[in-house]
>>> print(open('start-v7.cif').read())   # mmCIF, N, CA and C atoms
data_upload
loop_
_atom_site.label_atom_id
_atom_site.label_comp_id
_atom_site.auth_asym_id
_atom_site.auth_seq_id
_atom_site.Cartn_x
_atom_site.Cartn_y
_atom_site.Cartn_z
N MET T 1 26.47 187.62 94.71
CA MET T 1 26.42 187.40 96.14
C MET T 1 27.01 186.03 96.43
N SER T 2 27.83 185.97 97.42
CA SER T 2 28.52 184.73 97.77
C SER T 2 27.69 183.90 98.75
N GLN T 3 27.89 182.60 98.72
CA GLN T 3 27.22 181.72 99.67
C GLN T 3 27.78 181.96 101.06
N PRO T 4 27.05 181.54 102.11
CA PRO T 4 27.59 181.68 103.46
C PRO T 4 28.90 180.93 103.58
N GLN T 5 29.83 181.53 104.28
CA GLN T 5 31.15 180.94 104.45
C GLN T 5 31.20 180.13 105.74
N PRO T 6 31.87 178.97 105.75
CA PRO T 6 32.07 178.27 107.00
C PRO T 6 32.96 179.11 107.92
N HIS T 7 32.67 179.08 109.20
CA HIS T 7 33.40 179.91 110.15
C HIS T 7 34.78 179.37 110.45
N ASN T 8 34.95 178.08 110.50
CA ASN T 8 36.24 177.48 110.87
C ASN T 8 37.08 177.26 109.63
N PRO T 9 38.39 177.52 109.74
CA PRO T 9 39.26 177.23 108.60
C PRO T 9 39.40 175.73 108.39
N LEU T 10 39.81 175.37 107.20
CA LEU T 10 40.03 173.97 106.90
C LEU T 10 41.24 173.46 107.68
N SER T 11 41.17 172.21 108.08
CA SER T 11 42.31 171.59 108.76
C SER T 11 43.41 171.34 107.73
N ASP T 12 44.58 170.97 108.21
CA ASP T 12 45.69 170.67 107.31
C ASP T 12 45.32 169.53 106.36
N ASP T 13 44.66 168.51 106.89
CA ASP T 13 44.25 167.37 106.07
C ASP T 13 43.23 167.80 105.02
N GLU T 14 42.27 168.64 105.42
CA GLU T 14 41.27 169.12 104.47
C GLU T 14 41.90 170.02 103.41
N ALA T 15 42.86 170.85 103.80
CA ALA T 15 43.56 171.70 102.83
C ALA T 15 44.31 170.84 101.82
N ARG T 16 44.92 169.75 102.30
CA ARG T 16 45.62 168.83 101.40
C ARG T 16 44.62 168.17 100.45
N GLN T 17 43.45 167.80 100.98
CA GLN T 17 42.42 167.19 100.13
C GLN T 17 41.92 168.19 99.07
N LEU T 18 41.77 169.45 99.47
CA LEU T 18 41.35 170.47 98.51
C LEU T 18 42.39 170.62 97.41
N ALA T 19 43.67 170.65 97.78
CA ALA T 19 44.74 170.74 96.78
C ALA T 19 44.72 169.51 95.87
N GLU T 20 44.44 168.33 96.44
CA GLU T 20 44.35 167.11 95.62
C GLU T 20 43.20 167.20 94.63
N HIS T 21 42.04 167.67 95.09
CA HIS T 21 40.88 167.82 94.20
C HIS T 21 41.21 168.81 93.08
N LEU T 22 41.80 169.94 93.44
CA LEU T 22 42.17 170.93 92.42
C LEU T 22 43.19 170.35 91.44
N SER T 23 44.13 169.57 91.96
CA SER T 23 45.14 168.95 91.11
C SER T 23 44.50 168.01 90.08
N LEU T 24 43.62 167.14 90.58
CA LEU T 24 42.96 166.18 89.68
C LEU T 24 42.12 166.88 88.62
N VAL T 25 41.39 167.90 89.03
CA VAL T 25 40.51 168.60 88.11
C VAL T 25 41.31 169.36 87.06
N THR T 26 42.35 170.07 87.47
CA THR T 26 43.12 170.83 86.50
C THR T 26 43.90 169.92 85.56
N GLN T 27 44.33 168.76 86.04
CA GLN T 27 45.03 167.81 85.17
C GLN T 27 44.08 167.22 84.12
N SER T 28 42.85 166.98 84.53
CA SER T 28 41.89 166.34 83.62
C SER T 28 41.35 167.31 82.58
N GLY T 29 41.45 168.60 82.84
CA GLY T 29 40.95 169.58 81.89
C GLY T 29 39.45 169.83 82.03
N LEU T 30 38.82 169.26 83.04
CA LEU T 30 37.40 169.47 83.27
C LEU T 30 37.16 170.87 83.83
N PRO T 31 35.97 171.41 83.66
CA PRO T 31 35.65 172.68 84.30
C PRO T 31 35.74 172.52 85.82
N VAL T 32 36.41 173.44 86.48
CA VAL T 32 36.72 173.30 87.90
C VAL T 32 35.46 173.34 88.77
N ALA T 33 34.60 174.32 88.56
CA ALA T 33 33.44 174.50 89.45
C ALA T 33 32.52 173.27 89.46
N PRO T 34 32.08 172.75 88.29
CA PRO T 34 31.21 171.57 88.34
C PRO T 34 31.90 170.34 88.95
N ALA T 35 33.20 170.21 88.71
CA ALA T 35 33.92 169.07 89.29
C ALA T 35 34.00 169.19 90.81
N LEU T 36 34.18 170.40 91.33
CA LEU T 36 34.20 170.60 92.78
C LEU T 36 32.83 170.33 93.39
N ARG T 37 31.77 170.75 92.68
CA ARG T 37 30.41 170.47 93.17
C ARG T 37 30.16 168.96 93.23
N ALA T 38 30.59 168.24 92.20
CA ALA T 38 30.41 166.79 92.17
C ALA T 38 31.18 166.13 93.31
N ALA T 39 32.40 166.59 93.55
CA ALA T 39 33.19 166.04 94.64
C ALA T 39 32.54 166.34 95.98
N ALA T 40 31.98 167.53 96.12
CA ALA T 40 31.33 167.92 97.39
C ALA T 40 30.14 167.02 97.69
N GLN T 41 29.42 166.59 96.68
CA GLN T 41 28.26 165.73 96.89
C GLN T 41 28.64 164.35 97.37
N GLU T 42 29.87 163.94 97.10
CA GLU T 42 30.33 162.60 97.47
C GLU T 42 31.01 162.56 98.84
N LEU T 43 31.27 163.71 99.43
CA LEU T 43 32.04 163.75 100.67
C LEU T 43 31.15 163.59 101.90
N PRO T 44 31.56 162.76 102.86
CA PRO T 44 30.80 162.64 104.10
C PRO T 44 31.04 163.82 105.06
N ASN T 45 32.18 164.48 104.93
CA ASN T 45 32.53 165.61 105.80
C ASN T 45 31.78 166.85 105.30
N ARG T 46 30.71 167.24 106.00
CA ARG T 46 29.85 168.35 105.55
C ARG T 46 30.60 169.68 105.52
N ARG T 47 31.45 169.92 106.48
CA ARG T 47 32.17 171.19 106.51
C ARG T 47 33.08 171.33 105.29
N PHE T 48 33.78 170.26 104.96
CA PHE T 48 34.66 170.28 103.79
C PHE T 48 33.84 170.36 102.51
N ALA T 49 32.73 169.64 102.47
CA ALA T 49 31.84 169.69 101.30
C ALA T 49 31.31 171.11 101.10
N GLN T 50 30.96 171.78 102.19
CA GLN T 50 30.47 173.15 102.10
C GLN T 50 31.55 174.08 101.57
N ALA T 51 32.79 173.86 101.99
CA ALA T 51 33.91 174.67 101.49
C ALA T 51 34.07 174.48 99.98
N LEU T 52 33.95 173.23 99.50
CA LEU T 52 34.05 172.98 98.06
C LEU T 52 32.89 173.64 97.32
N GLU T 53 31.69 173.56 97.89
CA GLU T 53 30.52 174.21 97.28
C GLU T 53 30.72 175.71 97.20
N THR T 54 31.23 176.31 98.26
CA THR T 54 31.47 177.75 98.28
C THR T 54 32.50 178.13 97.24
N LEU T 55 33.56 177.35 97.15
CA LEU T 55 34.60 177.60 96.15
C LEU T 55 34.02 177.50 94.74
N ALA T 56 33.21 176.47 94.49
CA ALA T 56 32.58 176.30 93.17
C ALA T 56 31.65 177.48 92.87
N HIS T 57 30.87 177.89 93.85
CA HIS T 57 29.95 179.02 93.66
C HIS T 57 30.71 180.29 93.30
N ASP T 58 31.79 180.55 94.02
CA ASP T 58 32.58 181.75 93.75
C ASP T 58 33.24 181.69 92.37
N LEU T 59 33.68 180.52 91.96
CA LEU T 59 34.25 180.37 90.62
C LEU T 59 33.19 180.63 89.55
N GLU T 60 31.99 180.10 89.78
CA GLU T 60 30.90 180.30 88.82
C GLU T 60 30.46 181.75 88.75
N SER T 61 30.67 182.51 89.83
CA SER T 61 30.28 183.91 89.82
C SER T 61 31.31 184.79 89.11
N GLY T 62 32.37 184.17 88.59
CA GLY T 62 33.34 184.89 87.77
C GLY T 62 34.64 185.25 88.46
N GLN T 63 34.80 184.86 89.71
CA GLN T 63 36.05 185.16 90.41
C GLN T 63 37.13 184.16 90.00
N SER T 64 38.35 184.61 89.98
CA SER T 64 39.46 183.71 89.66
C SER T 64 39.80 182.89 90.90
N LEU T 65 40.42 181.75 90.68
CA LEU T 65 40.83 180.89 91.79
C LEU T 65 41.78 181.62 92.72
N GLU T 66 42.72 182.36 92.16
CA GLU T 66 43.69 183.09 92.97
C GLU T 66 42.99 184.13 93.86
N THR T 67 42.02 184.84 93.29
CA THR T 67 41.28 185.86 94.06
C THR T 67 40.50 185.22 95.19
N ILE T 68 39.85 184.11 94.91
CA ILE T 68 39.06 183.42 95.93
C ILE T 68 39.96 182.96 97.07
N LEU T 69 41.08 182.34 96.73
CA LEU T 69 41.98 181.82 97.76
C LEU T 69 42.62 182.95 98.56
N GLU T 70 42.91 184.07 97.91
CA GLU T 70 43.54 185.19 98.60
C GLU T 70 42.56 185.89 99.53
N THR T 71 41.30 186.02 99.12
CA THR T 71 40.31 186.72 99.95
C THR T 71 39.67 185.80 100.99
N ASN T 72 39.89 184.50 100.88
CA ASN T 72 39.35 183.53 101.84
C ASN T 72 40.48 182.67 102.38
N PRO T 73 41.27 183.19 103.31
CA PRO T 73 42.43 182.45 103.79
C PRO T 73 42.08 181.16 104.52
N ARG T 74 40.79 180.93 104.78
CA ARG T 74 40.40 179.70 105.48
C ARG T 74 40.53 178.47 104.58
N PHE T 75 40.61 178.67 103.26
CA PHE T 75 40.71 177.53 102.37
C PHE T 75 42.06 176.83 102.47
N LEU T 76 43.13 177.57 102.33
CA LEU T 76 44.46 176.96 102.27
C LEU T 76 45.46 177.78 103.07
N PRO T 77 46.50 177.12 103.58
CA PRO T 77 47.58 177.87 104.26
C PRO T 77 48.26 178.82 103.27
N PRO T 78 48.91 179.85 103.79
CA PRO T 78 49.54 180.85 102.90
C PRO T 78 50.51 180.27 101.87
N TYR T 79 51.33 179.30 102.28
CA TYR T 79 52.31 178.76 101.31
C TYR T 79 51.61 178.06 100.15
N MET T 80 50.49 177.39 100.41
CA MET T 80 49.74 176.74 99.33
C MET T 80 49.12 177.79 98.40
N ARG T 81 48.56 178.84 98.99
CA ARG T 81 47.95 179.90 98.18
C ARG T 81 48.98 180.53 97.27
N ARG T 82 50.17 180.80 97.80
CA ARG T 82 51.21 181.45 96.99
C ARG T 82 51.68 180.54 95.85
N LEU T 83 51.83 179.25 96.14
CA LEU T 83 52.25 178.32 95.08
C LEU T 83 51.18 178.21 93.99
N ILE T 84 49.92 178.17 94.39
CA ILE T 84 48.84 178.10 93.40
C ILE T 84 48.80 179.38 92.57
N GLU T 85 48.99 180.51 93.21
CA GLU T 85 49.03 181.79 92.49
C GLU T 85 50.18 181.79 91.48
N THR T 86 51.34 181.34 91.92
CA THR T 86 52.51 181.29 91.03
C THR T 86 52.28 180.33 89.88
N GLY T 87 51.72 179.15 90.17
CA GLY T 87 51.45 178.18 89.12
C GLY T 87 50.44 178.69 88.11
N SER T 88 49.45 179.39 88.59
CA SER T 88 48.43 179.94 87.70
C SER T 88 49.03 181.03 86.81
N ARG T 89 49.82 181.90 87.39
CA ARG T 89 50.44 182.98 86.61
C ARG T 89 51.42 182.45 85.57
N SER T 90 52.11 181.37 85.91
CA SER T 90 53.09 180.82 84.97
C SER T 90 52.47 179.88 83.94
N GLY T 91 51.19 179.54 84.13
CA GLY T 91 50.53 178.63 83.19
C GLY T 91 50.80 177.17 83.49
N ASN T 92 51.37 176.87 84.65
CA ASN T 92 51.71 175.50 85.03
C ASN T 92 50.93 175.03 86.25
N LEU T 93 49.70 175.47 86.40
CA LEU T 93 48.94 175.15 87.60
C LEU T 93 48.81 173.65 87.84
N PRO T 94 48.48 172.83 86.85
CA PRO T 94 48.37 171.39 87.13
C PRO T 94 49.67 170.78 87.68
N GLU T 95 50.81 171.15 87.09
CA GLU T 95 52.08 170.61 87.53
C GLU T 95 52.43 171.09 88.95
N VAL T 96 52.16 172.36 89.21
CA VAL T 96 52.44 172.92 90.53
C VAL T 96 51.58 172.22 91.58
N LEU T 97 50.32 171.98 91.26
CA LEU T 97 49.42 171.31 92.21
C LEU T 97 49.87 169.88 92.49
N VAL T 98 50.32 169.18 91.46
CA VAL T 98 50.82 167.82 91.66
C VAL T 98 52.01 167.83 92.60
N GLN T 99 52.95 168.73 92.36
CA GLN T 99 54.13 168.83 93.22
C GLN T 99 53.75 169.24 94.64
N LEU T 100 52.81 170.17 94.75
CA LEU T 100 52.35 170.63 96.06
C LEU T 100 51.76 169.49 96.86
N VAL T 101 50.91 168.69 96.23
CA VAL T 101 50.28 167.56 96.91
C VAL T 101 51.34 166.54 97.33
N GLU T 102 52.29 166.24 96.45
CA GLU T 102 53.34 165.28 96.77
C GLU T 102 54.20 165.76 97.95
N ILE T 103 54.58 167.03 97.92
CA ILE T 103 55.41 167.57 98.99
C ILE T 103 54.64 167.59 100.30
N ASP T 104 53.38 167.99 100.24
CA ASP T 104 52.58 168.05 101.46
C ASP T 104 52.35 166.66 102.04
N ARG T 105 52.13 165.69 101.18
CA ARG T 105 51.96 164.31 101.64
C ARG T 105 53.23 163.78 102.29
N THR T 106 54.37 164.05 101.66
CA THR T 106 55.65 163.62 102.21
C THR T 106 55.91 164.28 103.56
N SER T 107 55.58 165.56 103.65
CA SER T 107 55.75 166.28 104.91
C SER T 107 54.89 165.67 106.01
N ALA T 108 53.65 165.35 105.70
CA ALA T 108 52.75 164.74 106.69
C ALA T 108 53.28 163.37 107.12
N ASP T 109 53.79 162.59 106.17
CA ASP T 109 54.35 161.27 106.49
C ASP T 109 55.58 161.41 107.39
N LEU T 110 56.43 162.39 107.11
CA LEU T 110 57.62 162.61 107.94
C LEU T 110 57.24 163.03 109.36
N LYS T 111 56.24 163.89 109.47
CA LYS T 111 55.79 164.31 110.81
C LYS T 111 55.26 163.12 111.59
N ARG T 112 54.48 162.27 110.92
CA ARG T 112 53.92 161.07 111.57
C ARG T 112 55.04 160.14 112.00
N SER T 113 56.01 159.93 111.13
CA SER T 113 57.14 159.06 111.45
C SER T 113 57.96 159.61 112.61
N LEU T 114 58.16 160.91 112.63
CA LEU T 114 58.91 161.53 113.71
C LEU T 114 58.19 161.36 115.04
N ARG T 115 56.87 161.57 115.04
CA ARG T 115 56.10 161.38 116.27
C ARG T 115 56.21 159.94 116.77
N LEU T 116 56.13 158.99 115.86
CA LEU T 116 56.25 157.58 116.26
C LEU T 116 57.65 157.27 116.77
N ALA T 117 58.66 157.83 116.13
CA ALA T 117 60.04 157.58 116.55
C ALA T 117 60.31 158.17 117.93
N ILE T 118 59.69 159.27 118.25
CA ILE T 118 59.88 159.90 119.56
C ILE T 118 59.03 159.22 120.62
N ALA T 119 57.88 158.72 120.23
CA ALA T 119 56.96 158.13 121.21
C ALA T 119 57.56 156.89 121.89
N TYR T 120 58.26 156.05 121.16
CA TYR T 120 58.80 154.82 121.73
C TYR T 120 59.82 155.08 122.85
N PRO T 121 60.83 155.94 122.63
CA PRO T 121 61.76 156.21 123.73
C PRO T 121 61.08 156.88 124.93
N ILE T 122 60.12 157.74 124.68
CA ILE T 122 59.40 158.39 125.79
C ILE T 122 58.62 157.35 126.58
N LEU T 123 58.01 156.41 125.90
CA LEU T 123 57.28 155.34 126.58
C LEU T 123 58.24 154.50 127.43
N LEU T 124 59.40 154.16 126.86
CA LEU T 124 60.38 153.39 127.62
C LEU T 124 60.87 154.16 128.84
N LEU T 125 61.11 155.45 128.68
CA LEU T 125 61.55 156.27 129.81
C LEU T 125 60.47 156.32 130.88
N PHE T 126 59.23 156.49 130.48
CA PHE T 126 58.12 156.52 131.43
C PHE T 126 58.01 155.20 132.18
N LEU T 127 58.12 154.08 131.45
CA LEU T 127 58.05 152.78 132.11
C LEU T 127 59.22 152.56 133.05
N TRP T 128 60.43 153.02 132.65
CA TRP T 128 61.60 152.89 133.51
C TRP T 128 61.41 153.69 134.81
N VAL T 129 60.92 154.93 134.69
CA VAL T 129 60.68 155.78 135.87
C VAL T 129 59.62 155.11 136.75
N ALA T 130 58.57 154.59 136.17
CA ALA T 130 57.52 153.92 136.94
C ALA T 130 58.10 152.71 137.67
N LEU T 131 58.96 151.94 137.00
CA LEU T 131 59.57 150.77 137.62
C LEU T 131 60.49 151.18 138.77
N VAL T 132 61.30 152.20 138.59
CA VAL T 132 62.20 152.69 139.63
C VAL T 132 61.39 153.16 140.83
N LEU T 133 60.33 153.92 140.59
CA LEU T 133 59.49 154.39 141.69
C LEU T 133 58.81 153.23 142.40
N PHE T 134 58.42 152.21 141.67
CA PHE T 134 57.77 151.07 142.26
C PHE T 134 58.73 150.31 143.18
N LEU T 135 59.97 150.17 142.72
CA LEU T 135 60.96 149.45 143.50
C LEU T 135 61.42 150.27 144.67
#
>>> encode(input="start-v7.cif", output="structure tokens")
Amino acid sequence: MSQPQPHNPLSDDEARQLAEHLSLVTQSGLPVAPALRAAAQELPNRRFAQALETLAHDLESGQSLETILETNPRFLPPYMRRLIETGSRSGNLPEVLVQLVEIDRTSADLKRSLRLAIAYPILLLFLWVALVLFL
């Protein structure tokens, strides 16, 4: 029997954190379920901690990581699930997870930079329109 599932899916940031936790655990060679439980106890975000606990519980009940991620789409976005499945099947899960985390981090940084780059001209345009209307 599975633990109660959180109703809301993980955010993009939480999904990235989950991939990072999985990456660290698989690289270290530690058993995944106990390491996820330990990480969950240290997290201040209860919803994310509950997701890690649920994942650990399902792993301990004998389900494979791929099966859990496929049957619970709230854990990770589809592209992450597919990459993890591919890495697991090929026997390169730790390497795939490292690359996944790096690519996802770079993508988040680029999105943040793009938003900042667009915000400045929009602010200038808004101030210019306000000045024209004032005059």
>>> atom_distance(input="start-v7.cif", atom1="atom CA of T:Thr86", atom2="atom CA of T:Pro34")
23.6 Å
>>> select_by_dssp(input="start-v7.cif", residues="chain T", states="alpha helix (DSSP H)", output="PyMOL selection string")
chain T and resi 12-28+32-42+46-60+65-71+78-90+93-134
>>> closest_residue(input="start-v7.cif", among="T:Val101, T:Ala38, T:Leu124, T:Ala33", to="T:Gly62", atoms="only C-alpha atoms")
T:Ala33
>>> atom_distance(input="start-v7.cif", atom1="atom N of T:Arg82", atom2="atom CA of T:Gln63")
16.5 Å
>>> residues_around(input="start-v7.cif", residues="T:Leu100", least_positions_apart="2", cutoff="8 Å", atoms="only N, CA and C atoms", output="ChimeraX atom specification")
/T:16,19-20,80,83,94-98,102-106
>>> write_last_selection(input="start-v7.cif", atoms="N, CA and C atoms", output="short mmCIF file (atom, residue, chain, number, x, y, z; two decimals), keeping the file's coordinate frame")
data_model
loop_
_atom_site.label_atom_id
_atom_site.label_comp_id
_atom_site.auth_asym_id
_atom_site.auth_seq_id
_atom_site.Cartn_x
_atom_site.Cartn_y
_atom_site.Cartn_z
N ARG T 16 44.92 169.75 102.30
CA ARG T 16 45.62 168.83 101.40
C ARG T 16 44.62 168.17 100.45
N ALA T 19 43.67 170.65 97.78
CA ALA T 19 44.74 170.74 96.78
C ALA T 19 44.72 169.51 95.87
N GLU T 20 44.44 168.33 96.44
CA GLU T 20 44.35 167.11 95.62
C GLU T 20 43.20 167.20 94.63
N MET T 80 50.49 177.39 100.41
CA MET T 80 49.74 176.74 99.33
C MET T 80 49.12 177.79 98.40
N LEU T 83 51.83 179.25 96.14
CA LEU T 83 52.25 178.32 95.08
C LEU T 83 51.18 178.21 93.99
N PRO T 94 48.48 172.83 86.85
CA PRO T 94 48.37 171.39 87.13
C PRO T 94 49.67 170.78 87.68
N GLU T 95 50.81 171.15 87.09
CA GLU T 95 52.08 170.61 87.53
C GLU T 95 52.43 171.09 88.95
N VAL T 96 52.16 172.36 89.21
CA VAL T 96 52.44 172.92 90.53
C VAL T 96 51.58 172.22 91.58
N LEU T 97 50.32 171.98 91.26
CA LEU T 97 49.42 171.31 92.21
C LEU T 97 49.87 169.88 92.49
N VAL T 98 50.32 169.18 91.46
CA VAL T 98 50.82 167.82 91.66
C VAL T 98 52.01 167.83 92.60
N GLU T 102 52.29 166.24 96.45
CA GLU T 102 53.34 165.28 96.77
C GLU T 102 54.20 165.76 97.95
N ILE T 103 54.58 167.03 97.92
CA ILE T 103 55.41 167.57 98.99
C ILE T 103 54.64 167.59 100.30
N ASP T 104 53.38 167.99 100.24
CA ASP T 104 52.58 168.05 101.46
C ASP T 104 52.35 166.66 102.04
N ARG T 105 52.13 165.69 101.18
CA ARG T 105 51.96 164.31 101.64
C ARG T 105 53.23 163.78 102.29
N THR T 106 54.37 164.05 101.66
CA THR T 106 55.65 163.62 102.21
C THR T 106 55.91 164.28 103.56
#
>>> resolve_selection(input="start-v7.cif", expression="the PyMOL selection byres (((chain T and resi 48 and name CA) around 10) and name CA)", output="list of chain:residue names")
T:Pro6, T:Pro9, T:Leu10, T:Ser11, T:Glu14, T:Ala15, T:Gln17, T:Leu18, T:Ala40, T:Leu43, T:Pro44, T:Asn45, T:Arg46, T:Arg47, T:Ala49, T:Gln50, T:Ala51, T:Leu52, T:Glu53, T:Thr54, T:Phe75
>>> atom_distance(input="start-v7.cif", atom1="atom N of T:Ala117", atom2="atom N of T:Val129")
18.9 Å
>>> build_atoms(input="start-v7.cif", residues="stretch 34-43 of chain T", atoms="all heavy atoms", output="compact mmCIF listing (two decimals), in the coordinates of the input")
# COMPACT_ATOMS: atom_id res chain seq x y z
N PRO T 34 32.08 172.75 88.29
CA PRO T 34 31.21 171.57 88.34
C PRO T 34 31.90 170.34 88.95
O PRO T 34 31.27 169.55 89.66
CB PRO T 34 30.86 171.31 86.87
CG PRO T 34 31.09 172.60 86.18
CD PRO T 34 32.18 173.28 86.93
N ALA T 35 33.20 170.21 88.71
CA ALA T 35 33.92 169.07 89.29
C ALA T 35 34.00 169.19 90.81
O ALA T 35 33.87 168.18 91.51
CB ALA T 35 35.32 168.99 88.69
N LEU T 36 34.18 170.40 91.33
CA LEU T 36 34.20 170.60 92.78
C LEU T 36 32.83 170.33 93.39
O LEU T 36 32.72 169.75 94.46
CB LEU T 36 34.68 172.00 93.13
CG LEU T 36 36.15 172.31 92.87
CD1 LEU T 36 36.46 173.77 93.19
CD2 LEU T 36 37.06 171.39 93.66
N ARG T 37 31.77 170.75 92.68
CA ARG T 37 30.41 170.47 93.17
C ARG T 37 30.16 168.96 93.23
O ARG T 37 29.58 168.45 94.19
CB ARG T 37 29.36 171.12 92.28
CG ARG T 37 29.22 172.59 92.49
CD ARG T 37 27.93 173.09 91.86
NE ARG T 37 27.89 174.53 91.84
CZ ARG T 37 27.61 175.29 92.88
NH1 ARG T 37 27.34 174.74 94.04
NH2 ARG T 37 27.59 176.60 92.77
N ALA T 38 30.59 168.24 92.20
CA ALA T 38 30.41 166.79 92.17
C ALA T 38 31.18 166.13 93.31
O ALA T 38 30.67 165.23 93.98
CB ALA T 38 30.85 166.23 90.82
N ALA T 39 32.40 166.59 93.55
CA ALA T 39 33.19 166.04 94.64
C ALA T 39 32.54 166.34 95.98
O ALA T 39 32.51 165.48 96.87
CB ALA T 39 34.61 166.61 94.61
N ALA T 40 31.98 167.53 96.12
CA ALA T 40 31.33 167.92 97.39
C ALA T 40 30.14 167.02 97.69
O ALA T 40 29.89 166.70 98.86
CB ALA T 40 30.89 169.38 97.32
N GLN T 41 29.42 166.59 96.68
CA GLN T 41 28.26 165.73 96.89
C GLN T 41 28.64 164.35 97.37
O GLN T 41 27.84 163.65 97.98
CB GLN T 41 27.43 165.64 95.61
CG GLN T 41 26.77 166.95 95.26
CD GLN T 41 26.07 166.90 93.92
OE1 GLN T 41 26.14 165.90 93.20
NE2 GLN T 41 25.40 167.99 93.56
N GLU T 42 29.87 163.94 97.10
CA GLU T 42 30.33 162.60 97.47
C GLU T 42 31.01 162.56 98.84
O GLU T 42 31.30 161.49 99.34
CB GLU T 42 31.32 162.08 96.42
CG GLU T 42 30.75 161.98 95.02
CD GLU T 42 29.64 160.95 94.93
OE1 GLU T 42 29.73 159.89 95.58
OE2 GLU T 42 28.65 161.23 94.21
N LEU T 43 31.27 163.71 99.43
CA LEU T 43 32.04 163.75 100.67
C LEU T 43 31.15 163.59 101.90
O LEU T 43 30.10 164.24 102.00
CB LEU T 43 32.78 165.09 100.79
CG LEU T 43 33.91 165.30 99.79
CD1 LEU T 43 34.42 166.73 99.88
CD2 LEU T 43 35.04 164.32 100.04
